[in-house]
Amino acid sequence: MTWEILFVFAIILIALALFITERYAVDQVALVIPVILLLAGILTPGEALSGFSNEATITVAAMLCLSLGLVKTGAVDTLGRWAQNAPLGGPRLRLVVLSLVVAGVSPFLNNTAVVVVFLPVFLALAQRDNQPPSLYLMPLSFAAILGGTITLLGTSTNLLVYGLIHSRGFDELSMFSIAPLGLIFTVIGLAYLFTAGRSLMPRRVGMTDLTGKYEVRSFVTELTVRQGSPAVGQSLGELKWGSEFDVSVLGLRRRQRTLWSPGPNRRLMVGDTLFAKGHHEDLLWLAIKQGLAMPTPSVGPDLESEDAHLAEVLVAPGASIVGRTLAGARFQQRYHATVLAVQHLGETIRTRLPHVRLEAGDLLLIHGTAPDLDALVGETGLVPLGAVRRPTRPRPRALFAVGVLIAVVAVAGLNLLPIMTAALTGVLLMVFTRCVRLEEIYVELDWMVIFLLAGVIPLGVAMDKTGAAQWLADAVAASVGPLGPHFTVAAFYLLTSLLTSVMSNNATAVVLTPIALLTAADLGMNPYALVVAVMFGASASFMTPVGYQTNTLIYAPGGYRFFDFLKVGTPLNFLLLVTATILIPLFWPS
């Protein structure tokens, strides 16, 4: 074993550890990989940058643009509204039909975008049926994942694996080559979810009262402006209490009249009572420094009134505040609304909120006036989950956008054009017809996926170039080869699904795809059998809330716990493992 192989293995292990711990953003870690390999002399500059020019990266970017076009024209929202109001039968039948709709859309659209649109629909359905959301949201996420296995366009991982093997001369996979297996996976998965899986899902009834759910009432404090306070006559904007004391002012009571969400130009007077939120020590320090009466628990008006409301908002991928703190995003100044609590993977955070770094899947409890909340939920990437509804501004090109997507799928499926060429042509059509604007692509595209691919693809190049992939392939072939093709398929599928449960599925695919090709060559197997095992195993992320972004998005709204995914997802993973072990060698025989 050479030092280059050892070095590549060290990079892989460090990257895996960082991906799993999420100490740094996955795309940030991914971009470091080619730079280190370039500095070590393992990759040339062209090889280090190969991820940006890779067919898979460009195709994924194009498909994300097409999905964005469908969202911006209102086509996906229209489907969601239809699904919510269509006469689909009783509660159980409606849930089944909606899950089938999600599974039917996911092969052609970005899974995350589908879940973001249908999440409020499934929550409304649960509320209408007087059922806990935990029974409804897991079928939503799992149906989106299962539907994504039907075509090469279904997930970015499918396109990535296709691009990796296509660059090595393996070009027999087409748009619908995996459709038979994907359909079988989807049928088995949905059948499980609505039979045995449903009995394993938690029936965790959430609180409909948002103040009770987040327990924020006890965290609202009254501060009274006394005579001689340096705050008298100054505006809230001039005082800068948010940046200096981490204290947010929700409202102001003056002469028995309460004003919610006072603007930065509101000047304080003696006798004003402020409804503030912050850590007790910060509030106490503010009162001392500003000459205010000592903070006392609020006994003032309810946070829900004619003038002010509470809204629960989901932070979706692509939101401008993802990866930023509330202070850094100037949230209160920008939206004139106050975040009272943040829920991240089941943990509720109520203090020191300006310094909390927000991630996709977080829930925000926001307080503000009705006009401010309406404007806020119109922001891309902030999805209202309660009574506040995202304003719809459909463009008169929704049908054209749908037609473009159908044409892209048809042209690529019939092999009239390569997938990348068809997708890029579709993007140009949408851009020049204003279905989606370039500035929207710049701001709203999920660039994390693009940079993740661009960073990890050179790792696969380094594995090939140094012989690390061949070394691992020889070891795998020696271990599982004598047990036959079915066991080898099972080994690759199981390893991929386990890795993708705790780290990026794209990174898992980059590491295992070249090993699968070389192992197949060593054993004389059909290479597509092991490649498809990796492809499907990378989508089999049902056991954890962090392995797949759609699971992360439903975690907080559904009131789930980590063990819930393990309990429901493990049997499903086992069913699909058995299915893959039996069918993949039949569809792709050696």
# chains A, B, ... in the order shown; residues from 1 in each chain; ligands from 1
>>> residues_around(residues="A:Gly233", least_positions_apart="6", cutoff="8 Å", atoms="only C-alpha atoms", output="mmCIF file with C-alpha atoms, in the first residue's frame")
data_model
loop_
_atom_site.group_PDB
_atom_site.id
_atom_site.type_symbol
_atom_site.label_atom_id
_atom_site.label_comp_id
_atom_site.auth_asym_id
_atom_site.auth_seq_id
_atom_site.Cartn_x
_atom_site.Cartn_y
_atom_site.Cartn_z
ATOM 1 C CA ARG A 267 -39.558 56.494 20.904
ATOM 2 C CA LEU A 268 -39.924 55.569 24.550
ATOM 3 C CA MET A 269 -41.661 57.641 27.212
#
>>> closest_atom_pairs(of="stretch 394-510 of chain A", to="stretch 50-53 of chain A", cutoff="12 Å", atoms="only C-alpha atoms", output="JSON lines")
{"residue": "A:Met420", "atom": "CA", "partner": "A:Ser53", "partner_atom": "CA", "distance": 11.8}
{"residue": "A:Val449", "atom": "CA", "partner": "A:Phe52", "partner_atom": "CA", "distance": 11.7}
{"residue": "A:Ile450", "atom": "CA", "partner": "A:Phe52", "partner_atom": "CA", "distance": 8.2}
{"residue": "A:Phe451", "atom": "CA", "partner": "A:Phe52", "partner_atom": "CA", "distance": 8.0}
{"residue": "A:Leu452", "atom": "CA", "partner": "A:Gly51", "partner_atom": "CA", "distance": 9.1}
{"residue": "A:Leu453", "atom": "CA", "partner": "A:Gly51", "partner_atom": "CA", "distance": 6.4}
{"residue": "A:Ala454", "atom": "CA", "partner": "A:Gly51", "partner_atom": "CA", "distance": 3.8}
{"residue": "A:Gly455", "atom": "CA", "partner": "A:Gly51", "partner_atom": "CA", "distance": 6.2}
{"residue": "A:Val456", "atom": "CA", "partner": "A:Gly51", "partner_atom": "CA", "distance": 7.3}
{"residue": "A:Ile457", "atom": "CA", "partner": "A:Gly51", "partner_atom": "CA", "distance": 5.1}
{"residue": "A:Pro458", "atom": "CA", "partner": "A:Gly51", "partner_atom": "CA", "distance": 5.9}
{"residue": "A:Leu459", "atom": "CA", "partner": "A:Gly51", "partner_atom": "CA", "distance": 9.2}
{"residue": "A:Gly460", "atom": "CA", "partner": "A:Gly51", "partner_atom": "CA", "distance": 9.8}
{"residue": "A:Val461", "atom": "CA", "partner": "A:Ser50", "partner_atom": "CA", "distance": 8.7}
{"residue": "A:Ala462", "atom": "CA", "partner": "A:Ser50", "partner_atom": "CA", "distance": 11.1}
{"residue": "A:Val510", "atom": "CA", "partner": "A:Gly51", "partner_atom": "CA", "distance": 11.1}
>>> select_by_dssp(residues="stretch 88-295 of chain A", states="alpha helix (DSSP H)", output="count of residues only")
100
>>> residues_around(residues="A:Val534", least_positions_apart="4", cutoff="7 Å", atoms="only C-alpha atoms", output="list in words")
Phe492, Tyr493, Thr496, Ala509, Thr513, Leu530 and Ala538 of chain A
>>> write_last_selection(atoms="N, CA and C atoms", output="compact mmCIF listing (two decimals), in the first residue's frame")
# COMPACT_ATOMS: atom_id res chain seq x y z
N PHE A 492 -23.24 -4.66 -0.75
CA PHE A 492 -23.12 -3.27 -1.22
C PHE A 492 -24.36 -2.45 -0.85
N TYR A 493 -25.52 -3.06 -1.00
CA TYR A 493 -26.76 -2.35 -0.67
C TYR A 493 -26.78 -2.01 0.82
N THR A 496 -24.16 0.69 1.79
CA THR A 496 -24.56 2.01 1.30
C THR A 496 -25.69 2.58 2.15
N ALA A 509 -22.21 7.66 -2.25
CA ALA A 509 -22.21 7.14 -3.62
C ALA A 509 -20.88 7.38 -4.31
N THR A 513 -19.23 3.91 -5.54
CA THR A 513 -19.46 3.58 -6.95
C THR A 513 -18.22 3.03 -7.65
N LEU A 530 -24.14 -4.08 -9.19
CA LEU A 530 -23.59 -3.44 -8.00
C LEU A 530 -23.81 -1.94 -8.02
N ALA A 538 -28.39 4.11 -1.50
CA ALA A 538 -28.21 5.51 -1.11
C ALA A 538 -29.54 6.22 -0.87
>>> residues_around(residues="A:Pro133", least_positions_apart="3", cutoff="12 Å", atoms="only C-alpha atoms", output="JSON, numbers by chain")
{"A": [95, 119, 120, 121, 122, 123, 124, 125, 126, 127, 128, 129, 130, 136, 137, 138, 139, 140, 201, 202, 203, 204, 205, 206, 207, 208, 385, 554, 555, 556, 557, 558, 559, 560]}
>>> write_last_selection(atoms="C-alpha atoms", output="PDB file, in the first residue's frame")
ATOM      1  CA  LEU A  95     -53.809   9.790   3.019  1.00  0.00           C
ATOM      2  CA  LEU A 119     -46.031  19.428   4.184  1.00  0.00           C
ATOM      3  CA  PRO A 120     -48.749  22.016   4.997  1.00  0.00           C
ATOM      4  CA  VAL A 121     -51.245  19.893   3.039  1.00  0.00           C
ATOM      5  CA  PHE A 122     -50.541  16.784   5.138  1.00  0.00           C
ATOM      6  CA  LEU A 123     -50.616  18.833   8.362  1.00  0.00           C
ATOM      7  CA  ALA A 124     -53.988  20.320   7.419  1.00  0.00           C
ATOM      8  CA  LEU A 125     -55.250  16.840   6.594  1.00  0.00           C
ATOM      9  CA  ALA A 126     -54.161  15.544  10.004  1.00  0.00           C
ATOM     10  CA  GLN A 127     -55.879  18.461  11.734  1.00  0.00           C
ATOM     11  CA  ARG A 128     -59.067  17.948   9.706  1.00  0.00           C
ATOM     12  CA  ASP A 129     -59.118  14.250  10.592  1.00  0.00           C
ATOM     13  CA  ASN A 130     -58.305  15.031  14.234  1.00  0.00           C
ATOM     14  CA  TYR A 136     -49.166  11.626   8.385  1.00  0.00           C
ATOM     15  CA  LEU A 137     -45.725  13.125   7.856  1.00  0.00           C
ATOM     16  CA  MET A 138     -43.639   9.960   7.821  1.00  0.00           C
ATOM     17  CA  PRO A 139     -45.653   8.593   4.849  1.00  0.00           C
ATOM     18  CA  LEU A 140     -45.057  11.948   3.116  1.00  0.00           C
ATOM     19  CA  MET A 201     -45.663   5.004  13.952  1.00  0.00           C
ATOM     20  CA  PRO A 202     -45.948   7.135  17.082  1.00  0.00           C
ATOM     21  CA  ARG A 203     -49.315   8.624  17.952  1.00  0.00           C
ATOM     22  CA  ARG A 204     -47.868  11.690  19.578  1.00  0.00           C
ATOM     23  CA  VAL A 205     -50.564  14.326  19.880  1.00  0.00           C
ATOM     24  CA  GLY A 206     -49.054  17.785  19.597  1.00  0.00           C
ATOM     25  CA  MET A 207     -50.413  20.920  21.230  1.00  0.00           C
ATOM     26  CA  THR A 208     -52.389  23.192  18.947  1.00  0.00           C
ATOM     27  CA  LEU A 385     -47.494  25.461   9.027  1.00  0.00           C
ATOM     28  CA  ILE A 554     -40.722  16.471   8.889  1.00  0.00           C
ATOM     29  CA  TYR A 555     -38.893  15.787  12.155  1.00  0.00           C
ATOM     30  CA  ALA A 556     -39.992  18.856  14.133  1.00  0.00           C
ATOM     31  CA  PRO A 557     -43.483  19.364  12.607  1.00  0.00           C
ATOM     32  CA  GLY A 558     -44.307  15.711  13.258  1.00  0.00           C
ATOM     33  CA  GLY A 559     -43.077  15.829  16.837  1.00  0.00           C
ATOM     34  CA  TYR A 560     -40.857  12.823  16.142  1.00  0.00           C
TER      35      TYR A 560
END
>>> atom_distance(atom1="atom CA of A:Ala412", atom2="atom CA of A:Leu438")
24.2 Å
>>> closest_atom_pairs(of="stretch 297-346 of chain A", to="stretch 108-114 of chain A", cutoff="12 Å", atoms="only C-alpha atoms", output="CSV")
residue,atom,partner,partner_atom,distance
A:Ala316,CA,A:Thr112,CA,8.6
A:Pro317,CA,A:Thr112,CA,7.9
A:Gly318,CA,A:Ala113,CA,9.9
>>> select_by_dssp(residues="stretch 193-381 of chain A", states="strand (DSSP E)", output="compact mmCIF listing (two decimals) with N, CA and C atoms, in the first residue's frame")
# COMPACT_ATOMS: atom_id res chain seq x y z
N VAL A 220 -41.79 35.66 28.57
CA VAL A 220 -42.07 37.05 28.23
C VAL A 220 -42.06 37.88 29.51
N THR A 221 -41.31 38.98 29.49
CA THR A 221 -41.07 39.78 30.69
C THR A 221 -41.51 41.22 30.46
N GLU A 222 -41.97 41.86 31.53
CA GLU A 222 -42.35 43.27 31.46
C GLU A 222 -41.23 44.14 32.00
N LEU A 223 -40.90 45.19 31.27
CA LEU A 223 -39.91 46.18 31.68
C LEU A 223 -40.59 47.55 31.62
N THR A 224 -40.52 48.30 32.69
CA THR A 224 -41.16 49.61 32.74
C THR A 224 -40.10 50.71 32.71
N SER A 248 -35.30 41.16 22.83
CA SER A 248 -36.23 41.55 21.78
C SER A 248 -37.47 42.16 22.40
N VAL A 249 -37.94 43.25 21.82
CA VAL A 249 -39.15 43.92 22.30
C VAL A 249 -40.31 43.47 21.43
N LEU A 250 -41.28 42.78 22.06
CA LEU A 250 -42.44 42.27 21.32
C LEU A 250 -43.52 43.33 21.20
N GLY A 251 -43.71 44.10 22.27
CA GLY A 251 -44.79 45.07 22.26
C GLY A 251 -44.56 46.15 23.30
N LEU A 252 -45.42 47.15 23.26
CA LEU A 252 -45.28 48.31 24.15
C LEU A 252 -46.67 48.73 24.60
N ARG A 253 -46.84 48.91 25.93
CA ARG A 253 -48.12 49.37 26.47
C ARG A 253 -47.96 50.80 26.97
N ARG A 254 -48.81 51.65 26.44
CA ARG A 254 -48.76 53.07 26.83
C ARG A 254 -50.19 53.55 27.05
N ARG A 257 -53.04 51.24 26.21
CA ARG A 257 -53.10 50.79 24.81
C ARG A 257 -51.82 50.02 24.49
N THR A 258 -52.01 48.85 23.91
CA THR A 258 -50.86 47.99 23.59
C THR A 258 -50.57 48.04 22.10
N LEU A 259 -49.32 48.29 21.79
CA LEU A 259 -48.86 48.30 20.40
C LEU A 259 -47.89 47.15 20.21
N TRP A 260 -48.26 46.20 19.34
CA TRP A 260 -47.38 45.05 19.08
C TRP A 260 -46.42 45.35 17.95
N THR A 273 -44.53 50.44 29.34
CA THR A 273 -44.24 49.05 29.73
C THR A 273 -43.91 48.27 28.47
N LEU A 274 -42.75 47.67 28.49
CA LEU A 274 -42.28 46.91 27.33
C LEU A 274 -42.46 45.43 27.59
N PHE A 275 -43.01 44.72 26.61
CA PHE A 275 -43.08 43.26 26.66
C PHE A 275 -41.86 42.74 25.93
N ALA A 276 -40.93 42.20 26.70
CA ALA A 276 -39.62 41.84 26.14
C ALA A 276 -39.36 40.36 26.35
N LYS A 277 -38.43 39.87 25.55
CA LYS A 277 -38.04 38.46 25.64
C LYS A 277 -36.53 38.36 25.58
N THR A 296 -40.19 41.77 35.50
CA THR A 296 -41.17 40.91 36.17
C THR A 296 -41.88 40.07 35.12
N PRO A 297 -42.33 38.86 35.49
CA PRO A 297 -43.07 38.03 34.52
C PRO A 297 -44.28 38.79 33.99
N HIS A 309 -50.30 38.18 16.15
CA HIS A 309 -50.53 36.75 16.00
C HIS A 309 -49.21 35.99 16.18
N LEU A 310 -49.36 34.70 16.40
CA LEU A 310 -48.23 33.78 16.41
C LEU A 310 -48.27 32.94 15.15
N ALA A 311 -47.12 32.67 14.59
CA ALA A 311 -47.04 31.82 13.41
C ALA A 311 -45.91 30.83 13.59
N GLU A 312 -46.14 29.60 13.16
CA GLU A 312 -45.12 28.56 13.18
C GLU A 312 -44.64 28.38 11.75
N VAL A 313 -43.34 28.57 11.54
CA VAL A 313 -42.78 28.61 10.20
C VAL A 313 -41.64 27.61 10.10
N LEU A 314 -41.62 26.84 9.02
CA LEU A 314 -40.55 25.89 8.76
C LEU A 314 -39.48 26.54 7.88
N VAL A 315 -38.23 26.37 8.25
CA VAL A 315 -37.12 26.85 7.43
C VAL A 315 -36.78 25.76 6.42
N THR A 338 -40.81 39.09 15.60
CA THR A 338 -39.87 38.59 16.59
C THR A 338 -39.94 37.07 16.67
N VAL A 339 -38.78 36.42 16.65
CA VAL A 339 -38.71 34.98 16.86
C VAL A 339 -38.70 34.70 18.36
N LEU A 340 -39.72 33.97 18.83
CA LEU A 340 -39.84 33.68 20.25
C LEU A 340 -39.14 32.38 20.63
N ALA A 341 -39.05 31.45 19.69
CA ALA A 341 -38.43 30.17 19.98
C ALA A 341 -38.01 29.51 18.68
N VAL A 342 -37.00 28.65 18.78
CA VAL A 342 -36.52 27.87 17.65
C VAL A 342 -36.51 26.41 18.07
N GLN A 343 -37.05 25.55 17.22
CA GLN A 343 -37.03 24.11 17.50
C GLN A 343 -36.15 23.43 16.47
N HIS A 344 -35.10 22.78 16.96
CA HIS A 344 -34.13 22.10 16.08
C HIS A 344 -34.04 20.65 16.49
N GLU A 347 -35.39 19.77 19.86
CA GLU A 347 -34.96 20.58 20.99
C GLU A 347 -35.46 22.01 20.82
N THR A 348 -36.14 22.53 21.85
CA THR A 348 -36.67 23.89 21.80
C THR A 348 -35.70 24.85 22.45
N ILE A 349 -35.34 25.89 21.73
CA ILE A 349 -34.41 26.92 22.21
C ILE A 349 -35.20 28.21 22.38
N LEU A 363 -37.89 24.81 13.07
CA LEU A 363 -39.19 25.48 13.23
C LEU A 363 -38.98 26.78 13.99
N LEU A 364 -39.63 27.85 13.52
CA LEU A 364 -39.55 29.14 14.19
C LEU A 364 -40.94 29.52 14.69
N LEU A 365 -41.04 29.91 15.95
CA LEU A 365 -42.27 30.50 16.47
C LEU A 365 -42.10 32.01 16.40
N ILE A 366 -42.94 32.65 15.60
CA ILE A 366 -42.76 34.07 15.28
C ILE A 366 -43.98 34.85 15.75
N HIS A 367 -43.73 36.03 16.32
CA HIS A 367 -44.80 36.90 16.79
C HIS A 367 -44.74 38.21 16.02
N GLY A 368 -45.91 38.67 15.54
CA GLY A 368 -45.95 39.92 14.80
C GLY A 368 -47.36 40.26 14.39
>>> closest_residue(among="A:Gly323, A:Thr519, A:Lys72, A:Val60", to="A:Val480", atoms="only C-alpha atoms")
A:Thr519
>>> residues_around(residues="A:Ile36", least_positions_apart="4", cutoff="12 Å", atoms="only C-alpha atoms", output="ChimeraX atom specification")
/A:7-8,10-12,14-15,29-32,40-45,48,455-456,458-459,462
>>> write_last_selection(atoms="C-alpha atoms", output="mmCIF file, in the first residue's frame")
data_model
loop_
_atom_site.group_PDB
_atom_site.id
_atom_site.type_symbol
_atom_site.label_atom_id
_atom_site.label_comp_id
_atom_site.auth_asym_id
_atom_site.auth_seq_id
_atom_site.Cartn_x
_atom_site.Cartn_y
_atom_site.Cartn_z
ATOM 1 C CA PHE A 7 -3.409 9.625 2.364
ATOM 2 C CA VAL A 8 -6.656 9.183 0.416
ATOM 3 C CA ALA A 10 -7.152 9.391 5.747
ATOM 4 C CA ILE A 11 -9.037 12.075 3.810
ATOM 5 C CA ILE A 12 -12.041 9.769 3.460
ATOM 6 C CA ILE A 14 -11.755 12.592 8.238
ATOM 7 C CA ALA A 15 -14.456 13.641 5.761
ATOM 8 C CA VAL A 29 -16.224 20.107 4.064
ATOM 9 C CA ALA A 30 -16.647 18.854 0.504
ATOM 10 C CA LEU A 31 -14.927 21.896 -1.012
ATOM 11 C CA VAL A 32 -11.889 21.358 1.207
ATOM 12 C CA ALA A 40 -0.693 17.005 -1.769
ATOM 13 C CA GLY A 41 0.080 16.599 -5.473
ATOM 14 C CA ILE A 42 -2.358 13.724 -5.872
ATOM 15 C CA LEU A 43 -4.662 15.668 -8.205
ATOM 16 C CA THR A 44 -3.862 18.076 -10.995
ATOM 17 C CA PRO A 45 -5.697 21.429 -11.101
ATOM 18 C CA ALA A 48 -9.429 19.046 -8.647
ATOM 19 C CA GLY A 455 -16.279 18.809 -3.873
ATOM 20 C CA VAL A 456 -16.700 15.056 -3.509
ATOM 21 C CA PRO A 458 -12.630 14.722 -7.221
ATOM 22 C CA LEU A 459 -12.372 12.324 -4.270
ATOM 23 C CA ALA A 462 -8.253 10.423 -6.424
#
>>> atom_distance(atom1="atom CA of A:Gly147", atom2="atom CA of A:Val102")
7.5 Å
>>> closest_residue(among="A:Phe194, A:Phe142, A:Phe245, A:Trp82", to="A:Thr544", atoms="only C-alpha atoms")
A:Phe142
>>> closest_residue(among="A:Cys435, A:Ile582, A:Ile515, A:Ala422", to="A:Ala473", atoms="only C-alpha atoms")
A:Ile515
>>> residues_around(residues="A:Gly163", least_positions_apart="5", cutoff="8 Å", atoms="only C-alpha atoms", output="PyMOL selection string")
chain A and resi 54-56
>>> write_last_selection(atoms="N, CA and C atoms", output="PDB file, in the first residue's frame")
ATOM      1  N   ASN A  54     -18.351  18.179 -14.185  1.00  0.00           N
ATOM      2  CA  ASN A  54     -18.888  16.831 -14.331  1.00  0.00           C
ATOM      3  C   ASN A  54     -20.324  16.875 -14.833  1.00  0.00           C
ATOM      4  N   GLU A  55     -20.655  15.924 -15.702  1.00  0.00           N
ATOM      5  CA  GLU A  55     -21.996  15.866 -16.271  1.00  0.00           C
ATOM      6  C   GLU A  55     -23.064  15.746 -15.195  1.00  0.00           C
ATOM      7  N   ALA A  56     -22.759  15.003 -14.147  1.00  0.00           N
ATOM      8  CA  ALA A  56     -23.752  14.821 -13.085  1.00  0.00           C
ATOM      9  C   ALA A  56     -24.035  16.138 -12.376  1.00  0.00           C
TER      10      ALA A  56
END
